[in-house]
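J.: Please find one structure pasted underneath; my questions will follow.
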Amino acid sequence: MVKICCIGAGYVGGPTMAVMALKCPEIEVAVVDISEPRINAWNSDRLPIYEPGLDDVVRQCRGKNLFFSTDVEKHVFESDIVFVSVNTPTKTQGLGAGKAADLTYWESAARMIADVSKSSKIVVEKSTVPVRTAEAIEKILIHNSKGIEFQILSNPEFLAEGTAIKDLYNPDRVLIGGRDTAAGQKAIEALKAVYAHWVPVEQIICTNLWSAELSKLAANAFLAQRISSVNAMSALCEATGADVTQVAHAVGTDSRIGPKFLNASVGFGGSCFQKDILNLIYICECNGLPEAANYWKQVIKVNDYQKIRFANRVVSSMFNTVSGKKIAILGFAFKKDTGDTRETPAIDVCNRLVADKAKLRIYDPQVLEEQIRKDLSMARFDWDHAVPLQQIKAEGISEQVEVVSDAYEATKDAHGLCVLTEWDEFKSLDFKKIFDNMQKPAFVFDGRNVVDAVKLREIGFIVYSIGKPLDSWLKDMPAVA
Ligand code: NAI
């Protein structure tokens with residue numbers, strides 16, 4: 001029986017391996033992690049991450065051919081293929097701080113693999129890593145191998161949170177990069193055979209190691225670039241009276257451009273886009289390509305601009321002050337159908353409003369209060385580091401922030417409400433009831449274009465929708481970014 005082990009039971013390791021176990025019943029899959037609470041949660045009825053369809057997959061295979069364990073060394077020792085899906089945060093200190101990927105977790109995983117292995121193994125990079133990381137990992141493994149043969153493959157993950165299970169069942173493609181040697185090609189074939197259980201072979205792309213590593217960074221940079229493009233356009237729409245939804249539709253029907261990823265919003269978030277672009281920028285700079293680096297920097301700058309522009313719009317619309325005013329925040333996750341808050345635009349918007357002395361009442365259907373408080377107190381990039389760094393005290397903000405359990409409670413007595421995540425339930429709220437319970441004039445700031453602005457204006461709200469023609473009230477109070 002082939003044995004697979006995955007180091008890192010996070011948003012990628014957990015769902016990816018659960019689907020692999022389901023699709024390959026004759027393969028034993030162990031997902032291991034140094035975090036005991038995370039593994040305990042994977043072994044419980046309340047999984048550590050919210051992802052539609054995940055519970056069902058885990059229930060079908062856990063205890064049969066899918067196991068979650070903290071016994072990292074035992075499972076690495078026993079396995080034929082080791083996936084490494086640990087975090088690859090942005091460095092916070094030293095050379096490349098604020099841009100380069102911090103490979104501390106990766107390196108310690110590689111050294112441990114070398115230490116415990118007694119048989120040949122294929123080591124698969126599942127984490128998103130800088131180009132040529134495989135080379136460094138290869139060196140660590142080979143120099144500590146005691147004669148054991150290791151083959152390194154790059155197999156970046158393209159799933160999107162919120163649709164991870166669907167994406168894993170039907171990936172657009174699976175990408176496998178390996179060495180151009182006989183042993184390298186054999187390793188590629190072995191991994192290809194695993195995916196071929198459910199992915200058509202013509203959708204399994206095989207490349208060299210560096211192309212696979214770079215393709216993942218490139219794909220995320222292209223996706224984020226589309227969002228920043230439409231968001232830059234949204235600012236111009238507001239200034240000119242154009243409607244960004246109409247513009248995006250007209251642009252997206254061009255088959256060369258396509259309609260996906262053209263929704264204007266308060267900004268992109270998630271653990272990957274910013275981190276991977278920063279990493280790409282650093283690699284360009286290290287390779288003496290400042291013009292290429294500056295091109296990608298602009299994608300992040302526009303995203304920051306969009307978040308601040310939104311928060312400024314809230315303040316300027318409410319007579320240029322939100323001091324002591326109650327503002328309801330509907331949605332904190334970085335997008336719907338996930339509880340993930342990493343780099344969510346809600347953090348920047350809330351922090352900006354808190355700095356202006358607003359009182360926030362936050363509601364998100366999936367995010368726990370503790371997480372929200374941590375997020376609002378954490379320094380940039382700390383979220384992706386090990387637990388001790390994340391034991392942060394939520395001082396200062398605590399009296400300005402309340403976390404509540406439904407949208408009606410959040411909006412009661414509020415002066416304004418901000419929609420920051422596009423949860424479906426926000427579309428069907430009883431806005432008449434909300435209006436009646438809010439202070440007047442009552443403002444809605446829709447950062448995701450989910451509410452029916454026409455209907456809300458009829459009720460009496462002053463409505464701001466990203467990239468849409470402005471209410472006369474808002475026109476008189478331009479937001480300066
Ligand atoms: P995560 O933070 O949810 O999970 C990483 C896990 O690795 C943590 O549970 C941590 O405790 C564990 N870990 C760290 N060092 C370890 C070690 N030495 N031994 C055992 N466990 C260790 O991260 P996530 O989101 O799963 O991402 C993992 C990688 O996949 C990152 O490189 C990310 O960029 C990439 N990725 C993430 C996607 C996403 O949507 N979240 C999508 C595609 C790629």
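Following the order of the structure tokens, chains are lettered A, B, ..., residues in each are numbered from 1, and ligands are numbered from 1.
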Per residue of chain A within 7 Å of ligand 1, note the shortest atom pair and the distance in Å to one decimal, counting only C-alpha atoms and all ligand atoms, and order the rows by chain and increasing residue number, as a tab-separated table.

T.:
residue	atom	partner	partner_atom_place_in_ligand_line	distance
A:Ile7	CA	ligand 1	20 (C)	5.0
A:Gly8	CA	ligand 1	7 (O)	3.4
A:Ala9	CA	ligand 1	9 (O)	4.9
A:Gly10	CA	ligand 1	3 (O)	3.3
A:Tyr11	CA	ligand 1	26 (O)	3.7
A:Val12	CA	ligand 1	26 (O)	3.7
A:Gly13	CA	ligand 1	26 (O)	5.5
A:Val32	CA	ligand 1	20 (C)	6.1
A:Asp33	CA	ligand 1	21 (N)	3.7
A:Ile34	CA	ligand 1	20 (C)	4.4
A:Ser35	CA	ligand 1	11 (O)	4.8
A:Arg38	CA	ligand 1	9 (O)	6.5
A:Val72	CA	ligand 1	20 (C)	6.5
A:Ser85	CA	ligand 1	28 (C)	4.8
A:Val86	CA	ligand 1	7 (O)	3.6
A:Asn87	CA	ligand 1	5 (C)	4.4
A:Thr88	CA	ligand 1	32 (O)	4.5
A:Tyr105	CA	ligand 1	15 (N)	4.5
A:Trp106	CA	ligand 1	18 (N)	6.6
A:Ser108	CA	ligand 1	18 (N)	5.4
A:Ala109	CA	ligand 1	18 (N)	4.3
A:Lys126	CA	ligand 1	30 (O)	6.1
A:Ser127	CA	ligand 1	32 (O)	3.4
A:Thr128	CA	ligand 1	32 (O)	3.9
A:Val129	CA	ligand 1	32 (O)	6.2
A:Pro156	CA	ligand 1	44 (C)	6.5
A:Glu157	CA	ligand 1	43 (C)	4.5
A:Phe158	CA	ligand 1	43 (C)	5.2
A:Leu159	CA	ligand 1	42 (C)	5.4
A:Ala160	CA	ligand 1	40 (O)	5.2
A:Glu161	CA	ligand 1	40 (O)	5.1
A:Ser271	CA	ligand 1	41 (N)	5.8
A:Cys272	CA	ligand 1	34 (O)	5.2
A:Asp384	CA	ligand 1	2 (O)	6.2
A:Ala386	CA	ligand 1	11 (O)	6.9

J.: Any idea what's packed within 9 Å of A:Leu22, counting only C-alpha atoms, ignoring anything in its chain fewer than 4 positions away? Could you give it as number ranges by chain?

T.: A: 17-18, 57-58, 60-61, 65-66

J.: Could you dump the residues just selected with N, CA, C and O atoms as an mmCIF file, in the first residue's frame?

T.:
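Done, and the output landed in again_0.cif:
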data_model
loop_
_atom_site.group_PDB
_atom_site.id
_atom_site.type_symbol
_atom_site.label_atom_id
_atom_site.label_comp_id
_atom_site.auth_asym_id
_atom_site.auth_seq_id
_atom_site.Cartn_x
_atom_site.Cartn_y
_atom_site.Cartn_z
ATOM 1 N N MET A 17 -5.745 16.718 1.171
ATOM 2 C CA MET A 17 -5.493 15.313 1.508
ATOM 3 C C MET A 17 -6.800 14.553 1.734
ATOM 4 O O MET A 17 -6.884 13.354 1.436
ATOM 5 N N ALA A 18 -7.820 15.248 2.242
ATOM 6 C CA ALA A 18 -9.110 14.571 2.441
ATOM 7 C C ALA A 18 -9.662 14.119 1.091
ATOM 8 O O ALA A 18 -10.128 12.975 0.946
ATOM 9 N N VAL A 57 -16.646 14.947 3.196
ATOM 10 C CA VAL A 57 -15.482 14.200 2.688
ATOM 11 C C VAL A 57 -14.717 13.586 3.857
ATOM 12 O O VAL A 57 -14.357 12.402 3.845
ATOM 13 N N VAL A 58 -14.488 14.395 4.903
ATOM 14 C CA VAL A 58 -13.719 13.901 6.051
ATOM 15 C C VAL A 58 -14.463 12.746 6.725
ATOM 16 O O VAL A 58 -13.865 11.718 7.072
ATOM 17 N N GLN A 60 -16.386 10.604 5.445
ATOM 18 C CA GLN A 60 -16.342 9.362 4.655
ATOM 19 C C GLN A 60 -15.019 8.608 4.805
ATOM 20 O O GLN A 60 -14.982 7.404 4.670
ATOM 21 N N CYS A 61 -13.901 9.308 5.016
ATOM 22 C CA CYS A 61 -12.618 8.579 5.016
ATOM 23 C C CYS A 61 -11.864 8.579 6.335
ATOM 24 O O CYS A 61 -10.944 7.788 6.495
ATOM 25 N N ASN A 65 -8.869 5.476 5.609
ATOM 26 C CA ASN A 65 -7.544 5.677 5.004
ATOM 27 C C ASN A 65 -7.087 7.130 5.156
ATOM 28 O O ASN A 65 -6.173 7.566 4.477
ATOM 29 N N LEU A 66 -7.747 7.858 6.050
ATOM 30 C CA LEU A 66 -7.351 9.248 6.310
ATOM 31 C C LEU A 66 -7.169 9.431 7.813
ATOM 32 O O LEU A 66 -8.080 9.148 8.589
#

J.: With only C-alpha atoms as the basis for distance, which of A:Asn170, A:Ala218, A:Ser79, A:Glu343 is at the shortest distance from A:Ala196?

T.: A:Asn170

J.: With a distance cut-off of 7 Å and only C-alpha atoms, select the neighbouring residues of A:Ala410, excluding the residue or stretch itself and same-chain residues fewer than 5 positions from it, and output the selection as a list in words.

T.: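 Counting only C-alpha atoms, the residues come to Ala328, Arg361, Ile362, Tyr363 and Val404 of chain A.
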
J.: I'd like the neighbourhood of A:Lys357 as a list in words, where a residue qualifies if any of its atoms comes within 9 Å (using only C-alpha atoms), though same-chain residues fewer than 4 positions away should be ignored.

T.: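 Non-adjacent residues within range: Thr321, Val322, Ser323, Gly324, Lys325, Arg352, Leu353 and Gln400 of chain A.
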
J.: Using N, CA, C and O atoms, can you export the residues from the last selection as a CSV table (one decimal), in the first residue's frame?

T.:
chain,number,residue,atom,x,y,z
A,321,THR,N,-16.7,63.0,10.4
A,321,THR,CA,-16.3,62.5,11.7
A,321,THR,C,-17.2,61.3,12.1
A,321,THR,O,-18.4,61.3,11.8
A,322,VAL,N,-16.5,60.2,12.6
A,322,VAL,CA,-17.2,59.1,13.1
A,322,VAL,C,-17.0,58.9,14.6
A,322,VAL,O,-17.3,57.9,15.2
A,323,SER,N,-16.4,59.9,15.2
A,323,SER,CA,-16.0,59.8,16.6
A,323,SER,C,-17.3,59.5,17.4
A,323,SER,O,-18.3,60.3,17.4
A,324,GLY,N,-17.3,58.4,18.2
A,324,GLY,CA,-18.4,58.1,19.0
A,324,GLY,C,-19.6,57.5,18.3
A,324,GLY,O,-20.5,57.1,18.9
A,325,LYS,N,-19.5,57.5,16.9
A,325,LYS,CA,-20.7,57.0,16.2
A,325,LYS,C,-20.6,55.4,16.1
A,325,LYS,O,-19.5,54.9,16.1
A,352,ARG,N,-9.0,51.6,10.5
A,352,ARG,CA,-9.1,53.0,10.1
A,352,ARG,C,-10.3,53.7,10.9
A,352,ARG,O,-10.1,54.8,11.4
A,353,LEU,N,-11.4,53.0,11.0
A,353,LEU,CA,-12.6,53.6,11.6
A,353,LEU,C,-12.3,53.7,13.1
A,353,LEU,O,-12.7,54.7,13.8
A,400,GLN,N,-13.9,49.8,22.0
A,400,GLN,CA,-14.5,50.4,20.8
A,400,GLN,C,-15.1,49.3,19.9
A,400,GLN,O,-15.8,49.6,18.9

J.: Which residues of stretch 267-316 of chain A have any atom within 12 Å of an atom in stretch 206-213 of chain A when counting only C-alpha atoms, and what is the closest pair of atoms for each, with the distance in Å to one decimal? Order the rows by chain and rising number and write it as a tab-separated table.

T.:
residue	atom	partner	partner_atom	distance
A:Asp276	CA	A:Glu213	CA	11.3
A:Asn279	CA	A:Glu213	CA	11.9
A:Leu280	CA	A:Glu213	CA	11.0

J.: Which polymer residues have any atom within 12 Å of an atom of stretch 471-474 of chain A, counting only C-alpha atoms, with same-chain residues fewer than 3 positions away left out, as a PyMOL selection string?

T.: chain A and resi 238-239+241+312-320+441-445+453-454+456-457+460-468+477-479

J.: Within stretch 78-283 of chain A, find each residue whose DSSP state, derived from the backbone, is alpha helix (DSSP H), and express the selection as a ChimeraX atom specification.

T.: /A:78,104-116,133-143,164-169,182-195,209-240,244-252,273-283

J.: Would you list the contacts of A:Ala30 as a short mmCIF file (atom, residue, chain, number, x, y, z; two decimals) with N, CA and C atoms, in the first residue's frame, taking every protein, DNA or RNA residue within 7 Å and counting only C-alpha atoms, but skipping same-chain residues closer than 5 positions in sequence?

T.:
data_model
loop_
_atom_site.label_atom_id
_atom_site.label_comp_id
_atom_site.auth_asym_id
_atom_site.auth_seq_id
_atom_site.Cartn_x
_atom_site.Cartn_y
_atom_site.Cartn_z
N ILE A 4 0.99 8.04 2.03
CA ILE A 4 1.24 9.46 1.81
C ILE A 4 1.14 10.17 3.15
N CYS A 5 2.05 11.12 3.35
CA CYS A 5 1.97 11.94 4.56
C CYS A 5 1.98 13.39 4.12
N CYS A 6 1.20 14.22 4.78
CA CYS A 6 1.22 15.65 4.46
C CYS A 6 1.57 16.42 5.73
N LEU A 66 -7.75 7.86 6.05
CA LEU A 66 -7.35 9.25 6.31
C LEU A 66 -7.17 9.43 7.81
N PHE A 67 -5.98 9.89 8.19
CA PHE A 67 -5.67 10.03 9.62
C PHE A 67 -5.07 11.40 9.89
N PHE A 68 -5.42 11.97 11.04
CA PHE A 68 -4.84 13.25 11.45
C PHE A 68 -4.04 13.00 12.72
N HIS A 75 4.86 9.33 10.95
CA HIS A 75 4.18 9.24 9.65
C HIS A 75 5.12 9.59 8.50
#
